[in-house]
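Engineer: Let me give you the structure first, and then I'll get to my questions.
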Amino acid sequence: MKLELCHFSGYKIHPGHGRQYTRVDGKTFNFLSSKTQSLFHQRKNPRKILWTVLYRRKHKKGIAQETSKKRTRKTQKFQRPIVGATQEKIKELRNQKPEYRAAQRQQAVRTAKEKAKTAKAKKPTSAAAASAKAAKKVQKAAPRVGGKR
């Protein structure tokens with residue numbers, strides 16, 4: 001027993017039922033009923049007719065509800081190395097005690113202040129700097145030539 005499929009509705013056609021339509025070019029179409037045949041000849045789109053299989057497929061109707069829910073991936077923690085510091089170095093810094101870190105910071109501040117003092121002492125006096133600035137002549141820009149801009 002061979003079951004045919006209706007070309008328009010997508011339903012099964014059992015033997016002894018339905019109609020067969022052969023076009024001039026030789027292509028044959030099987031229809032379940034005169035209703036489907038009529039809609040086919042009116043050039044109706046089966047995807048827009050609510051009871052057809054194509055409509056139900058397009059709009060995801062009647063698909064098995066038991067399908068498992070989409071599993072969401074659990075975000076994984078990932079530590080990226082910083083340029084110039086290896087992963088081990090970063091872990092080592094993270095495990096340091098806060099007191100030790102504060103002492104290091106204080107030391108760094110002290111050295112920066114000392115460098116600033118030595119740099120300030122080496123700089124020429126402000127009067128000499130002012131005279132050097134005054135010696136420079138600033139050239140005026142040439143006047144613009146031309147019409148509207």
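Chains: A, B, ... in order of the structure tokens. Residues: from 1 per chain. Ligands: from 1, in order shown.
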For region 29-42 of chain A, find every residue with an atom within 10 Å (counting only C-alpha atoms), except residues of its own chain fewer than 4 positions away, and show them as a ChimeraX atom specification.

Structural biologist: /A:4-14,17-23,46,49,52

Engineer: Report as an MDAnalysis selection string: the residues of chain A with a DSSP assignment of helix (DSSP H, G or I), based on the backbone of this structure.

Structural biologist: chainID A and resid 34:41 46:48 53:58 87:94 98:122 126:135

Engineer: Can you spit out the residues from that selection as a CSV table (one decimal), in the first residue's frame, using C-alpha atoms?

Structural biologist:
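Saved file part.csv follows:
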chain,number,residue,atom,x,y,z
A,34,SER,CA,-11.0,19.3,-4.6
A,35,LYS,CA,-10.4,22.0,-1.9
A,36,THR,CA,-6.7,21.6,-2.2
A,37,GLN,CA,-6.8,21.3,-5.9
A,38,SER,CA,-8.9,24.5,-6.1
A,39,LEU,CA,-6.5,26.4,-3.9
A,40,PHE,CA,-3.6,25.2,-6.0
A,41,HIS,CA,-5.2,26.5,-9.2
A,46,PRO,CA,0.2,26.9,1.2
A,47,ARG,CA,2.6,28.6,3.7
A,48,LYS,CA,-0.1,31.2,4.3
A,53,VAL,CA,1.6,21.2,6.8
A,54,LEU,CA,3.9,23.8,5.3
A,55,TYR,CA,2.2,26.6,7.4
A,56,ARG,CA,2.6,24.5,10.6
A,57,ARG,CA,6.3,23.8,9.7
A,58,LYS,CA,7.0,27.4,9.0
A,87,GLN,CA,51.1,34.1,35.3
A,88,GLU,CA,53.3,33.0,38.3
A,89,LYS,CA,54.3,36.6,39.0
A,90,ILE,CA,50.7,37.8,39.0
A,91,LYS,CA,49.7,35.0,41.5
A,92,GLU,CA,52.7,35.9,43.7
A,93,LEU,CA,51.7,39.6,43.8
A,94,ARG,CA,48.1,38.6,44.6
A,98,PRO,CA,48.6,44.2,52.3
A,99,GLU,CA,51.2,45.6,54.8
A,100,TYR,CA,54.1,44.5,52.6
A,101,ARG,CA,52.4,46.1,49.6
A,102,ALA,CA,51.9,49.4,51.5
A,103,ALA,CA,55.5,49.4,52.5
A,104,GLN,CA,56.6,48.9,48.9
A,105,ARG,CA,54.3,51.8,47.9
A,106,GLN,CA,55.8,54.1,50.5
A,107,GLN,CA,59.3,53.2,49.3
A,108,ALA,CA,58.4,54.0,45.7
A,109,VAL,CA,56.9,57.4,46.7
A,110,ARG,CA,60.1,58.3,48.7
A,111,THR,CA,62.3,57.4,45.7
A,112,ALA,CA,60.1,59.4,43.3
A,113,LYS,CA,60.3,62.5,45.7
A,114,GLU,CA,64.1,62.2,45.9
A,115,LYS,CA,64.4,62.1,42.1
A,116,ALA,CA,62.1,65.1,41.8
A,117,LYS,CA,64.3,67.0,44.3
A,118,THR,CA,67.5,66.2,42.4
A,119,ALA,CA,65.9,67.2,39.1
A,120,LYS,CA,64.8,70.5,40.6
A,121,ALA,CA,68.2,71.3,42.0
A,122,LYS,CA,69.8,70.7,38.6
A,126,SER,CA,64.0,80.9,36.7
A,127,ALA,CA,65.6,84.3,35.6
A,128,ALA,CA,67.9,82.4,33.2
A,129,ALA,CA,65.0,80.4,31.8
A,130,ALA,CA,63.0,83.6,31.3
A,131,SER,CA,65.8,85.3,29.3
A,132,ALA,CA,66.1,82.2,27.1
A,133,LYS,CA,62.4,82.4,26.3
A,134,ALA,CA,62.6,86.1,25.5
A,135,ALA,CA,65.4,85.5,23.1

Engineer: Determine which residues of region 12-55 of chain A DSSP labels as strand (DSSP E or B) from the backbone of this structure, then write them out as a list in words.

Structural biologist: Lys12, Ile13, Arg19, Gln20, Tyr21, Thr22, Thr28, Phe29, Asn30 and Phe31 of chain A

Engineer: Keeping N, CA, C and O atoms, export the residues of the selection given above as a PDB file, in the first residue's frame.

Structural biologist:
ATOM      1  N   LYS A  12      -1.244  12.953   3.913  1.00  0.00           N
ATOM      2  CA  LYS A  12      -1.134  11.656   3.232  1.00  0.00           C
ATOM      3  C   LYS A  12      -2.411  11.380   2.447  1.00  0.00           C
ATOM      4  O   LYS A  12      -3.508  11.682   2.891  1.00  0.00           O
ATOM      5  N   ILE A  13      -2.234  10.769   1.279  1.00  0.00           N
ATOM      6  CA  ILE A  13      -3.379  10.368   0.454  1.00  0.00           C
ATOM      7  C   ILE A  13      -3.360   8.841   0.378  1.00  0.00           C
ATOM      8  O   ILE A  13      -2.411   8.255  -0.137  1.00  0.00           O
ATOM      9  N   ARG A  19      -7.085  13.178  -6.056  1.00  0.00           N
ATOM     10  CA  ARG A  19      -7.111  13.412  -7.497  1.00  0.00           C
ATOM     11  C   ARG A  19      -5.690  13.622  -7.980  1.00  0.00           C
ATOM     12  O   ARG A  19      -4.840  14.127  -7.255  1.00  0.00           O
ATOM     13  N   GLN A  20      -5.476  13.271  -9.226  1.00  0.00           N
ATOM     14  CA  GLN A  20      -4.167  13.493  -9.829  1.00  0.00           C
ATOM     15  C   GLN A  20      -4.351  14.473 -10.989  1.00  0.00           C
ATOM     16  O   GLN A  20      -5.251  14.319 -11.806  1.00  0.00           O
ATOM     17  N   TYR A  21      -3.478  15.497 -11.001  1.00  0.00           N
ATOM     18  CA  TYR A  21      -3.548  16.512 -12.049  1.00  0.00           C
ATOM     19  C   TYR A  21      -2.227  16.507 -12.780  1.00  0.00           C
ATOM     20  O   TYR A  21      -1.164  16.561 -12.157  1.00  0.00           O
ATOM     21  N   THR A  22      -2.271  16.398 -14.120  1.00  0.00           N
ATOM     22  CA  THR A  22      -1.059  16.414 -14.936  1.00  0.00           C
ATOM     23  C   THR A  22      -1.068  17.670 -15.786  1.00  0.00           C
ATOM     24  O   THR A  22      -2.013  17.909 -16.548  1.00  0.00           O
ATOM     25  N   THR A  28       3.174  15.897 -12.740  1.00  0.00           N
ATOM     26  CA  THR A  28       1.919  15.464 -12.107  1.00  0.00           C
ATOM     27  C   THR A  28       1.864  15.950 -10.666  1.00  0.00           C
ATOM     28  O   THR A  28       2.884  15.992  -9.963  1.00  0.00           O
ATOM     29  N   PHE A  29       0.673  16.290 -10.213  1.00  0.00           N
ATOM     30  CA  PHE A  29       0.423  16.763  -8.851  1.00  0.00           C
ATOM     31  C   PHE A  29      -0.679  15.908  -8.255  1.00  0.00           C
ATOM     32  O   PHE A  29      -1.699  15.653  -8.902  1.00  0.00           O
ATOM     33  N   ASN A  30      -0.479  15.483  -7.017  1.00  0.00           N
ATOM     34  CA  ASN A  30      -1.514  14.724  -6.313  1.00  0.00           C
ATOM     35  C   ASN A  30      -2.182  15.642  -5.299  1.00  0.00           C
ATOM     36  O   ASN A  30      -1.499  16.352  -4.549  1.00  0.00           O
ATOM     37  N   PHE A  31      -3.514  15.630  -5.288  1.00  0.00           N
ATOM     38  CA  PHE A  31      -4.274  16.456  -4.347  1.00  0.00           C
ATOM     39  C   PHE A  31      -5.181  15.577  -3.535  1.00  0.00           C
ATOM     40  O   PHE A  31      -5.766  14.619  -4.028  1.00  0.00           O
TER      41      PHE A  31
END

Engineer: Could you jot down the CA of Val83 (chain A) to CA of Lys97 (chain A) separation for me, Å, one decimal place?

Structural biologist: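 Separation of CA of Val83 (chain A) and CA of Lys97 (chain A): 23.6 Å.
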